[in-house]
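Trainee: This is target.pdb (PDB, C-alpha atoms and all ligand atoms).
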```pdb
ATOM      1  CA  MET A   1       0.000   0.000   0.000
ATOM      2  CA  THR A   2       2.973   2.250   0.158
ATOM      3  CA  LYS A   3       3.676   4.595  -2.688
ATOM      4  CA  PHE A   4       5.131   2.684  -5.598
ATOM      5  CA  THR A   5       7.875   3.718  -7.915
ATOM      6  CA  LEU A   6       8.041   0.302  -9.460
ATOM      7  CA  ILE A   7       8.437   1.153 -13.093
ATOM      8  CA  GLY A   8      11.835  -0.559 -13.203
ATOM      9  CA  ALA A   9      10.553  -3.662 -11.430
ATOM     10  CA  ALA A  10       7.550  -3.770 -13.734
ATOM     11  CA  LEU A  11       9.742  -3.892 -16.810
ATOM     12  CA  LEU A  12      11.996  -6.574 -15.327
ATOM     13  CA  ALA A  13       9.020  -8.811 -14.634
ATOM     14  CA  LEU A  14       7.879  -8.791 -18.235
ATOM     15  CA  GLY A  15      10.069 -11.733 -19.182
ATOM     16  CA  ASN A  16       7.865 -14.114 -17.145
ATOM     17  CA  SER A  17       4.556 -13.401 -18.776
ATOM     18  CA  ALA A  18       4.604 -15.910 -21.623
ATOM     19  CA  VAL A  19       1.054 -17.115 -20.857
ATOM     20  CA  ASN A  20      -0.853 -13.923 -21.534
ATOM     21  CA  ALA A  21      -0.914 -11.873 -24.697
ATOM     22  CA  LEU A  22       1.149  -8.741 -24.226
ATOM     23  CA  ASN A  23       0.014  -5.199 -24.836
ATOM     24  CA  SER A  24       2.185  -2.277 -25.820
ATOM     25  CA  CYS A  25       2.803   0.739 -23.651
ATOM     26  CA  GLY A  26       4.960   3.128 -25.626
ATOM     27  CA  GLU A  27       8.025   1.067 -26.453
ATOM     28  CA  SER A  28       7.389  -1.531 -23.708
ATOM     29  CA  GLN A  29       5.335  -4.691 -23.766
ATOM     30  CA  TYR A  30       3.329  -5.657 -20.699
ATOM     31  CA  ASP A  31       0.902  -8.249 -19.376
ATOM     32  CA  PRO A  32      -2.471  -6.504 -18.906
ATOM     33  CA  ALA A  33      -3.310  -8.942 -16.097
ATOM     34  CA  GLN A  34      -0.447  -7.506 -14.077
ATOM     35  CA  TYR A  35       0.037  -3.917 -15.195
ATOM     36  CA  VAL A  36      -1.884  -0.919 -16.404
ATOM     37  CA  CYS A  37      -0.531   1.548 -18.962
ATOM     38  CA  TRP A  38      -1.081   5.280 -18.430
ATOM     39  CA  SER A  39      -0.834   7.827 -21.257
ATOM     40  CA  ASP A  40       0.642   5.103 -23.494
ATOM     41  CA  GLN A  41       3.834   5.711 -21.573
ATOM     42  CA  PHE A  42       3.805   4.717 -17.903
ATOM     43  CA  LEU A  43       3.282   1.236 -16.447
ATOM     44  CA  CYS A  44       1.808   0.736 -12.981
ATOM     45  CA  PRO A  45       1.279  -2.661 -11.316
ATOM     46  CA  ILE A  46      -2.135  -4.056 -10.428
ATOM     47  CA  THR A  47      -2.049  -4.780  -6.701
ATOM     48  CA  ALA A  48      -4.915  -6.363  -4.746
ATOM     49  CA  GLY A  49      -6.928  -6.144  -7.956
ATOM     50  CA  GLU A  50      -6.451  -2.370  -8.113
ATOM     51  CA  PRO A  51      -4.718  -0.960 -11.200
ATOM     52  CA  LEU A  52      -2.555   1.610  -9.450
ATOM     53  CA  SER A  53      -3.030   5.189 -10.577
ATOM     54  CA  PHE A  54      -0.213   7.373 -11.863
ATOM     55  CA  CYS A  55       0.874  10.739 -10.481
ATOM     56  CA  ASN A  56       3.896  12.588 -11.750
ATOM     57  CA  GLY A  57       6.276   9.636 -11.800
ATOM     58  CA  ALA A  58       4.734   7.532  -9.041
ATOM     59  CA  CYS A  59       2.147   4.753  -8.996
ATOM     60  CA  TYR A  60      -0.297   5.030  -6.111
ATOM     61  CA  SER A  61      -3.328   3.405  -4.522
ATOM     62  CA  LYS A  62      -6.563   5.379  -4.363
ATOM     63  CA  PHE A  63      -7.268   3.693  -1.049
ATOM     64  CA  MET A  64      -4.564   5.849   0.506
ATOM     65  CA  TYR A  65      -3.467   8.685  -1.767
ATOM     66  CA  LYS A  66      -4.808  11.371  -4.046
ATOM     67  CA  CYS A  67      -3.207  13.272  -6.916
ATOM     68  CA  GLU A  68      -4.037  16.961  -7.265
ATOM     69  CA  ASN A  69      -2.247  19.236  -9.736
ATOM     70  CA  ASN A  70       0.320  16.478 -10.220
ATOM     71  CA  VAL A  71       1.070  16.374  -6.497
ATOM     72  CA  LEU A  72       0.646  13.135  -4.608
ATOM     73  CA  SER A  73      -0.622  13.365  -1.031
ATOM     74  CA  LEU A  74      -2.261  11.183   1.595
ATOM     75  CA  LEU A  75      -6.043  11.222   1.745
ATOM     76  CA  PRO A  76      -7.320  12.949   4.900
ATOM     77  CA  ALA A  77      -7.957  10.777   7.941
ATOM     78  CA  HIS A  78     -11.467   9.416   8.365
ATOM     79  CA  THR A  79     -12.344  10.253  11.948
ATOM     80  CA  GLY A  80     -15.456  11.014  13.933
ATOM     81  CA  THR A  81     -18.133   9.075  12.082
ATOM     82  CA  PRO A  82     -18.725   5.317  12.002
ATOM     83  CA  PHE A  83     -18.194   3.172   8.936
ATOM     84  CA  THR A  84     -18.411  -0.352   7.624
ATOM     85  CA  LEU A  85     -15.610  -2.033   5.722
ATOM     86  CA  THR A  86     -15.949  -4.029   2.527
ATOM     87  CA  VAL A  87     -13.489  -6.217   0.655
ATOM     88  CA  SER A  88     -12.102  -4.795  -2.548
ATOM     89  CA  ASN A  89     -10.491  -7.087  -5.101
ATOM     90  CA  PRO A  90     -12.549  -7.705  -8.264
ATOM     91  CA  THR A  91     -10.773 -11.039  -8.826
ATOM     92  CA  LEU A  92     -12.372 -12.547  -5.690
ATOM     93  CA  PRO A  93     -15.937 -13.859  -5.181
ATOM     94  CA  ILE A  94     -16.120 -11.870  -1.927
ATOM     95  CA  ASP A  95     -15.435  -8.521  -3.645
ATOM     96  CA  GLY A  96     -17.789  -5.954  -2.076
ATOM     97  CA  LYS A  97     -18.681  -8.195   0.878
ATOM     98  CA  PRO A  98     -18.389  -6.842   4.430
ATOM     99  CA  VAL A  99     -15.842  -7.351   7.156
ATOM    100  CA  THR A 100     -17.846  -9.135   9.854
ATOM    101  CA  ALA A 101     -17.446  -9.525  13.616
ATOM    102  CA  SER A 102     -18.102 -12.870  15.257
ATOM    103  CA  GLY A 103     -16.430 -14.784  18.087
ATOM    104  CA  LEU A 104     -14.203 -11.820  18.989
ATOM    105  CA  HIS A 105     -12.621 -12.110  15.534
ATOM    106  CA  LEU A 106     -13.025 -10.216  12.255
ATOM    107  CA  SER A 107     -13.802 -12.267   9.148
ATOM    108  CA  LEU A 108     -14.731 -11.495   5.558
ATOM    109  CA  ALA A 109     -18.228 -12.161   4.202
ATOM    110  CA  GLY A 110     -19.154 -13.961   7.419
ATOM    111  CA  ASN A 111     -22.101 -13.379   9.757
ATOM    112  CA  THR A 112     -22.179 -10.603  12.341
ATOM    113  CA  SER A 113     -22.738 -11.827  15.914
ATOM    114  CA  THR A 114     -24.158  -9.359  18.399
ATOM    115  CA  TYR A 115     -25.781  -9.347  21.812
ATOM    116  CA  CYS A 116     -28.055  -6.896  23.594
ATOM    117  CA  PRO A 117     -29.491  -7.351  27.108
ATOM    118  CA  VAL A 118     -33.096  -6.698  26.023
ATOM    119  CA  GLU A 119     -34.417  -6.957  29.605
ATOM    120  CA  VAL A 120     -32.288  -3.917  30.516
ATOM    121  CA  VAL A 121     -31.965  -1.955  27.274
ATOM    122  CA  GLY A 122     -35.345  -2.742  25.733
ATOM    123  CA  ALA A 123     -36.318  -0.923  22.550
ATOM    124  CA  ALA A 124     -33.026   0.991  22.578
ATOM    125  CA  CYS A 125     -31.260  -2.201  21.438
ATOM    126  CA  PRO A 126     -29.853  -1.496  17.950
ATOM    127  CA  PRO A 127     -30.659  -4.015  15.180
ATOM    128  CA  GLY A 128     -27.122  -5.376  15.452
ATOM    129  CA  ASN A 129     -27.085  -6.624  11.873
ATOM    130  CA  ILE A 130     -24.027  -4.713  10.638
ATOM    131  CA  THR A 131     -20.391  -4.669  11.707
ATOM    132  CA  ALA A 132     -19.465  -1.017  12.194
ATOM    133  CA  PHE A 133     -16.292   0.672  13.389
ATOM    134  CA  PHE A 134     -14.730   3.920  14.517
ATOM    135  CA  ALA A 135     -11.167   4.914  13.703
ATOM    136  CA  GLY A 136      -8.936   7.383  15.497
ATOM    137  CA  ASN A 137      -5.366   7.880  16.696
ATOM    138  CA  GLY A 138      -4.184   5.027  14.501
ATOM    139  CA  GLY A 139      -6.531   2.546  16.191
ATOM    140  CA  LEU A 140      -9.839   0.839  15.448
ATOM    141  CA  SER A 141     -12.784   0.315  17.757
ATOM    142  CA  MET A 142     -16.132  -1.360  17.375
ATOM    143  CA  ASP A 143     -19.178   0.920  17.056
ATOM    144  CA  THR A 144     -21.001  -0.271  20.174
ATOM    145  CA  MET A 145     -23.086   1.024  23.090
ATOM    146  CA  VAL A 146     -21.683  -1.249  25.785
ATOM    147  CA  PRO A 147     -19.916   0.703  28.576
ATOM    148  CA  GLY A 148     -16.168   0.568  28.036
ATOM    149  CA  GLY A 149     -16.541  -0.209  24.356
ATOM    150  CA  GLN A 150     -14.698  -2.891  22.435
ATOM    151  CA  GLN A 151     -11.288  -2.300  20.891
ATOM    152  CA  ALA A 152     -10.091  -4.029  17.732
ATOM    153  CA  TYR A 153      -6.469  -5.137  17.446
ATOM    154  CA  LEU A 154      -4.064  -7.163  15.371
ATOM    155  CA  GLY A 155      -3.332 -10.260  17.469
ATOM    156  CA  PRO A 156       0.004 -12.071  17.651
ATOM    157  CA  ASP A 157      -1.366 -14.232  14.790
ATOM    158  CA  TRP A 158      -1.876 -11.049  12.718
ATOM    159  CA  ASN A 159      -5.585 -11.801  12.519
ATOM    160  CA  MET A 160      -7.930  -8.987  13.583
ATOM    161  CA  HIS A 161      -9.629  -9.536  16.937
ATOM    162  CA  TYR A 162     -11.630  -7.363  19.312
ATOM    163  CA  THR A 163     -11.933  -7.245  23.066
ATOM    164  CA  GLN A 164     -14.699  -8.959  24.976
ATOM    165  CA  ALA A 165     -17.291  -6.505  26.349
ATOM    166  CA  HIS A 166     -16.451  -5.411  29.931
ATOM    167  CA  SER A 167     -12.856  -6.524  29.478
ATOM    168  CA  ALA A 168      -9.763  -4.648  28.389
ATOM    169  CA  TYR A 169      -7.752  -7.841  27.953
ATOM    170  CA  ILE A 170      -5.524  -7.856  24.880
ATOM    171  CA  PRO A 171      -2.880 -10.608  24.530
ATOM    172  CA  ALA A 172       0.798  -9.630  24.762
ATOM    173  CA  GLY A 173       2.332  -9.073  21.343
ATOM    174  CA  SER A 174      -0.842  -7.537  19.892
ATOM    175  CA  LEU A 175      -0.874  -4.248  17.981
ATOM    176  CA  THR A 176      -3.619  -1.735  18.745
ATOM    177  CA  GLN A 177      -2.206   1.041  16.552
ATOM    178  CA  GLY A 178      -0.598   1.553  13.173
ATOM    179  CA  PHE A 179      -3.797   1.577  11.122
ATOM    180  CA  GLY A 180      -4.661   4.268   8.623
ATOM    181  CA  ALA A 181      -8.317   5.110   7.949
ATOM    182  CA  TYR A 182      -8.627   7.376   4.905
ATOM    183  CA  GLU A 183     -11.589   9.530   3.923
ATOM    184  CA  GLY A 184     -12.912   8.298   0.598
ATOM    185  CA  GLY A 185     -10.315   5.521   0.715
ATOM    186  CA  GLY A 186      -9.494   2.458   2.719
ATOM    187  CA  PHE A 187      -8.540   1.021   6.070
ATOM    188  CA  VAL A 188      -4.858   0.241   5.769
ATOM    189  CA  ASN A 189      -2.559  -1.826   7.954
ATOM    190  CA  LEU A 190       0.599   0.264   8.183
ATOM    191  CA  ASN A 191       2.285  -2.181  10.555
ATOM    192  CA  GLY A 192       5.091  -4.277   9.096
ATOM    193  CA  ASN A 193       6.113  -1.981   6.248
ATOM    194  CA  GLY A 194       2.921  -1.990   4.230
ATOM    195  CA  TRP A 195       2.515  -5.604   3.130
ATOM    196  CA  GLY A 196      -1.201  -4.989   3.396
ATOM    197  CA  TRP A 197      -4.171  -7.274   4.025
ATOM    198  CA  VAL A 198      -4.856 -10.680   2.509
ATOM    199  CA  ALA A 199      -8.093 -12.659   2.298
ATOM    200  CA  CYS A 200      -7.665 -16.356   3.078
ATOM    201  CA  PRO A 201     -10.344 -18.723   1.759
ATOM    202  CA  PRO A 202     -12.283 -20.905   4.219
ATOM    203  CA  GLN A 203     -10.154 -23.826   5.440
ATOM    204  CA  ALA A 204      -6.885 -22.299   4.290
ATOM    205  CA  SER A 205      -4.209 -22.055   6.946
ATOM    206  CA  GLY A 206      -4.831 -19.052   9.144
ATOM    207  CA  GLY A 207      -8.254 -19.905  10.562
ATOM    208  CA  GLY A 208     -11.502 -18.059  10.069
ATOM    209  CA  GLY A 209     -13.864 -21.065  10.269
ATOM    210  CA  SER A 210     -16.428 -21.193   7.481
ATOM    211  CA  ALA A 211     -15.899 -17.546   6.518
ATOM    212  CA  TRP A 212     -12.944 -16.046   4.687
ATOM    213  CA  ASN A 213     -10.280 -14.798   7.049
ATOM    214  CA  LEU A 214      -8.606 -11.394   7.142
ATOM    215  CA  VAL A 215      -4.862 -11.553   7.812
ATOM    216  CA  GLY A 216      -2.248  -8.820   8.029
ATOM    217  CA  ARG A 217       0.627  -9.848   5.821
ATOM    218  CA  ASN A 218       4.225  -9.121   6.772
ATOM    219  CA  GLU A 219       7.752 -10.059   5.807
ATOM    220  CA  THR A 220       7.723 -13.120   8.091
ATOM    221  CA  ASN A 221       4.337 -14.664   7.348
ATOM    222  CA  ALA A 222       4.058 -13.797   3.636
ATOM    223  CA  ALA A 223       5.581 -17.123   2.521
ATOM    224  CA  SER A 224       2.946 -19.089   4.477
ATOM    225  CA  LEU A 225       0.026 -17.114   3.012
ATOM    226  CA  THR A 226       0.282 -18.291  -0.597
ATOM    227  CA  ALA A 227      -3.340 -19.576  -0.548
ATOM    228  CA  CYS A 228      -4.474 -16.043   0.307
ATOM    229  CA  THR A 229      -5.078 -13.065  -1.979
ATOM    230  CA  PRO A 230      -4.202  -9.414  -1.343
ATOM    231  CA  VAL A 231      -7.243  -7.200  -0.752
ATOM    232  CA  ASN A 232      -7.998  -3.602   0.076
ATOM    233  CA  LEU A 233     -10.614  -2.718   2.687
ATOM    234  CA  LYS A 234     -12.895   0.067   1.553
ATOM    235  CA  ILE A 235     -14.351   2.505   4.090
ATOM    236  CA  ASN A 236     -18.108   3.036   3.699
ATOM    237  CA  PRO A 237     -19.175   5.974   5.900
ATOM    238  CA  LEU A 238     -22.352   5.640   7.974
ATOM    239  CA  PRO A 239     -24.485   8.577   9.100
ATOM    240  CA  SER A 240     -23.240  10.148  12.317
ATOM    241  CA  GLY A 241     -24.894   8.495  15.300
ATOM    242  CA  THR A 242     -25.355   5.097  13.660
ATOM    243  CA  VAL A 243     -24.769   2.392  16.274
ATOM    244  CA  GLY A 244     -23.583  -0.986  15.042
ATOM    245  CA  ALA A 245     -24.558  -3.060  18.062
ATOM    246  CA  TRP A 246     -24.957  -3.020  21.813
ATOM    247  CA  GLN A 247     -21.961  -5.324  21.777
ATOM    248  CA  TYR A 248     -20.302  -7.654  19.320
ATOM    249  CA  ALA A 249     -20.248 -11.229  20.523
TER     250      ALA A 249
HETATM  251  C1  LIG A 301     -30.768  -4.118   9.752
HETATM  252  O1  LIG A 301     -32.007  -4.082  10.425
HETATM  253  C2  LIG A 301     -32.728  -2.864  10.222
HETATM  254  C3  LIG A 301     -33.941  -2.864  11.148
HETATM  255  O2  LIG A 301     -34.610  -4.097  11.106
HETATM  256  C4  LIG A 301     -33.091  -2.765   8.746
HETATM  257  O3  LIG A 301     -33.779  -1.573   8.508
HETATM  258  C5  LIG A 301     -31.813  -2.779   7.916
HETATM  259  O4  LIG A 301     -32.118  -2.809   6.532
HETATM  260  C6  LIG A 301     -30.949  -3.990   8.243
HETATM  261  N1  LIG A 301     -29.672  -3.821   7.602
HETATM  262  C7  LIG A 301     -29.035  -4.829   7.011
HETATM  263  C8  LIG A 301     -27.701  -4.502   6.416
HETATM  264  O5  LIG A 301     -29.466  -5.966   6.970
HETATM  265  C1  LIG A 302       4.205 -11.372  11.116
HETATM  266  O1  LIG A 302       3.060 -12.087  11.483
HETATM  267  C2  LIG A 302       3.313 -13.257  12.238
HETATM  268  C3  LIG A 302       1.990 -13.944  12.474
HETATM  269  O2  LIG A 302       1.461 -14.379  11.253
HETATM  270  C4  LIG A 302       3.995 -12.877  13.533
HETATM  271  O3  LIG A 302       4.302 -14.048  14.279
HETATM  272  C5  LIG A 302       5.275 -12.105  13.235
HETATM  273  O4  LIG A 302       5.836 -11.637  14.434
HETATM  274  C6  LIG A 302       4.998 -10.927  12.319
HETATM  275  N1  LIG A 302       6.262 -10.368  11.879
HETATM  276  C7  LIG A 302       6.586  -9.095  12.017
HETATM  277  C8  LIG A 302       7.864  -8.665  11.397
HETATM  278  O5  LIG A 302       5.894  -8.309  12.626
HETATM  279  C1  LIG A 303     -24.152 -17.443   8.164
HETATM  280  O1  LIG A 303     -25.374 -17.904   8.691
HETATM  281  C2  LIG A 303     -26.139 -18.698   7.801
HETATM  282  C3  LIG A 303     -27.472 -18.969   8.444
HETATM  283  O2  LIG A 303     -27.316 -19.432   9.754
HETATM  284  C4  LIG A 303     -25.339 -19.966   7.489
HETATM  285  O3  LIG A 303     -26.050 -20.749   6.566
HETATM  286  C5  LIG A 303     -23.979 -19.577   6.885
HETATM  287  O4  LIG A 303     -23.193 -20.732   6.690
HETATM  288  C6  LIG A 303     -23.244 -18.627   7.799
HETATM  289  N1  LIG A 303     -22.063 -18.148   7.103
HETATM  290  C7  LIG A 303     -20.840 -18.276   7.605
HETATM  291  C8  LIG A 303     -19.747 -17.766   6.724
HETATM  292  O5  LIG A 303     -20.595 -18.769   8.686
END
```
As structure tokens, what does this structure read like?
Ligand SMILES: *[C@@H]1O[C@H](CO)[C@@H](O)[C@H](O)[C@H]1NC(C)=O
Ligand SMILES: *[C@@H]1O[C@H](CO)[C@@H](O)[C@H](O)[C@H]1NC(C)=O
Ligand SMILES: *[C@@H]1O[C@H](CO)[C@@H](O)[C@H](O)[C@H]1NC(C)=O
Mentor:
Amino acid sequence: MTKFTLIGAALLALGNSAVNALNSCGESQYDPAQYVCWSDQFLCPITAGEPLSFCNGACYSKFMYKCENNVLSLLPAHTGTPFTLTVSNPTLPIDGKPVTASGLHLSLAGNTSTYCPVEVVGAACPPGNITAFFAGNGGLSMDTMVPGGQQAYLGPDWNMHYTQAHSAYIPAGSLTQGFGAYEGGGFVNLNGNGWGWVACPPQASGGGGSAWNLVGRNETNAASLTACTPVNLKINPLPSGTVGAWQYA
């Protein structure tokens, strides 16, 4: 997800693309499954299914950056209002499906599990049928009513988890910060030098049960995540005041 200046690398990789028909980009040939050509001149890689955009010499992701008057800059932070997250990678069957909370763990295209003490809260119980979040200060929290809230974090397994209601317990080795939430963009894992998120199909190593699993990729675990596919997580703003659940279960 970091800013790419991979033009050189893109050209080097062209030798391996015997399978697909090549297109021309100026004087270069490229595999359209792996690169996009801008202005018949500049090649940018397709990462996580996103043909990277081009800005004055650099390839960039619209989930994190914008280009105005040929100047690349970070999108502003999305703070203050709740949002849902959806998977973005058009090559996957779960493209556009939500990030879902269940069993104190975040999955992709799973079911949302919530709880509300109806005998106490009554009609004020929210429907609890969406998984909604708040971002701020580099962290992520669940959009809940329960006193104390529920914080989301990257566990030692680099899966996304969230705290049990009424508990602040987070296992040692977890990361509660280092996430970027960008207005009009995505929710980005900036931990571990920007290897980004991957979606792991049900039953692949990395857990997740019958849903797809969301895993933060890094230098160490990348080799073991070959069954998984890079994805972006798109931020979908909700109206101010929208409550996701009393608590996520
Ligand atoms: C959640 O439930 C509310 C109230 O029943 C309903 O209006 C809304 O459409 C539901 N949303 C989803 C995403 O199912
Ligand atoms: C990468 O993730 C694995 C878990 O999949 C974790 O054990 C390891 O410490 C992480 N590596 C880095 C460099 O953070
Ligand atoms: C979600 O719930 C439905 C209905 O209970 C079930 O059929 C489906 O398998 C569940 N999906 C996942 C990913 O667990």
Trainee: When you count all atoms listed in the file, which of these residues is closest to ligand LIG 302 (chain A): A:Thr226, A:Thr114, A:Ser102, A:Asn218?
Mentor: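 Nearest to ligand LIG 302 (chain A): A:Asn218.
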Trainee: If you measure from atom O3 of ligand LIG 303 (chain A) to CA of Leu85 (chain A), what distance in Å do you get, rounded to one decimal?
Mentor: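 Between atom O3 of ligand LIG 303 (chain A) and CA of Leu85 (chain A) the gap is 21.4 Å.
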Trainee: Kindly provide the residues of region 146-225 of chain A that approach region 55-62 of chain A to within 10 Å, each paired with its closest atom pair and their distance in Å to one decimal, based on all atoms listed in the file, listed by chain and increasing number, as a tab-separated table.
Mentor:
```
residue	atom	partner	partner_atom	distance
A:Tyr182	CA	A:Lys62	CA	9.7
A:Gly184	CA	A:Lys62	CA	8.6
A:Gly185	CA	A:Lys62	CA	6.3
A:Gly186	CA	A:Lys62	CA	8.2
```
Trainee: For chain A versus ligand LIG 303 (chain A), which residues have an atom no more than 6 Å away, and what is each residue's nearest atom pair and distance in Å rounded to one decimal, using all atoms listed in the file, chain-then-number order, as a tab-separated table?
Mentor:
```
residue	atom	partner	partner_atom	distance
A:Gly110	CA	A:LIG303	C8	3.9
A:Asn111	CA	A:LIG303	C1	4.8
A:Ser210	CA	A:LIG303	C8	4.8
A:Ala211	CA	A:LIG303	C8	3.9
```
Trainee: How would you report the residues lying within 9 Å of ligand LIG 302 (chain A), as a PDB file with C-alpha atoms, in the coordinates of the input, if you count only C-alpha atoms and all ligand atoms?
Mentor:
```pdb
ATOM      1  CA  GLY A 155      -3.332 -10.260  17.469  1.00  0.00           C
ATOM      2  CA  PRO A 156       0.004 -12.071  17.651  1.00  0.00           C
ATOM      3  CA  ASP A 157      -1.366 -14.232  14.790  1.00  0.00           C
ATOM      4  CA  TRP A 158      -1.876 -11.049  12.718  1.00  0.00           C
ATOM      5  CA  ASN A 159      -5.585 -11.801  12.519  1.00  0.00           C
ATOM      6  CA  GLY A 173       2.332  -9.073  21.343  1.00  0.00           C
ATOM      7  CA  ASN A 191       2.285  -2.181  10.555  1.00  0.00           C
ATOM      8  CA  GLY A 192       5.091  -4.277   9.096  1.00  0.00           C
ATOM      9  CA  ASN A 193       6.113  -1.981   6.248  1.00  0.00           C
ATOM     10  CA  GLY A 206      -4.831 -19.052   9.144  1.00  0.00           C
ATOM     11  CA  VAL A 215      -4.862 -11.553   7.812  1.00  0.00           C
ATOM     12  CA  GLY A 216      -2.248  -8.820   8.029  1.00  0.00           C
ATOM     13  CA  ARG A 217       0.627  -9.848   5.821  1.00  0.00           C
ATOM     14  CA  ASN A 218       4.225  -9.121   6.772  1.00  0.00           C
ATOM     15  CA  GLU A 219       7.752 -10.059   5.807  1.00  0.00           C
ATOM     16  CA  THR A 220       7.723 -13.120   8.091  1.00  0.00           C
ATOM     17  CA  ASN A 221       4.337 -14.664   7.348  1.00  0.00           C
ATOM     18  CA  ALA A 222       4.058 -13.797   3.636  1.00  0.00           C
ATOM     19  CA  SER A 224       2.946 -19.089   4.477  1.00  0.00           C
ATOM     20  CA  LEU A 225       0.026 -17.114   3.012  1.00  0.00           C
TER      21      LEU A 225
END
```
Trainee: Show which residues sit within 6 Å of region 20-31 of chain A, as a list of chain:residue names. Count only C-alpha atoms, and ignore same-chain residues fewer than 2 positions away.
Mentor: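 The filter keeps A:Ala18, A:Ala33, A:Gln34, A:Cys37, A:Asp40, A:Gln41.
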Trainee: Given the file shown, enumerate the residues that the PyMOL selection byres (((not hetatm)) within 7 of (chain A and resi 301)) captures and present them as an MDAnalysis selection string.
Mentor: chainID A and resid 127:130
Trainee: Could you tell me which residues the PyMOL selection byres (((chain A and resi 82) around 12) and not hetatm) returns for this structure, as a PyMOL selection string?
Mentor: chain A and resi 78-81+83-85+130-136+140-144+181+183+235-245
Trainee: Write out as a list of chain:residue names each polymer residue whose atoms come within 12 Å of Tyr169 (chain A), counting all atoms listed in the file; drop sequence neighbours fewer than 2 positions from it.
Mentor: A:Leu104, A:Gly148, A:Gln150, A:Gln151, A:Ala152, A:Tyr153, A:Gly155, A:His161, A:Tyr162, A:Thr163, A:Gln164, A:Ala165, A:His166, A:Ser167, A:Pro171, A:Ala172, A:Ser174, A:Thr176
Trainee: Go through A:Thr47, A:Asn189, A:Gln177, A:Ser107 one by one, measure the shortest atom-to-atom distance of each to Ile94 (chain A) using only C-alpha atoms, and give the residue with the smallest value.
Mentor: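 Ranking A:Thr47, A:Asn189, A:Gln177, A:Ser107 by distance to Ile94 (chain A), first place goes to A:Ser107.
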Trainee: In Å, rounded to a single decimal, give me how far CA of Gly96 (chain A) is from CA of Lys234 (chain A).
Mentor: 8.6 Å
Trainee: Enumerate, as a ChimeraX atom specification, the protein, DNA and RNA residues whose atoms approach (-4.5, 1.7, 11.7) to within 6 Å, taking into account all atoms listed in the file and the coordinate frame of the file.
Mentor: /A:138-139,177-180,189
Trainee: Identify which of the residues A:Gly196, A:Pro93, A:Pro201, A:Pro32 lies closest to Asn232 (chain A), counting all atoms listed in the file when measuring atom-to-atom distances.
Mentor: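 Result for the nearest residue to Asn232 (chain A): A:Gly196.
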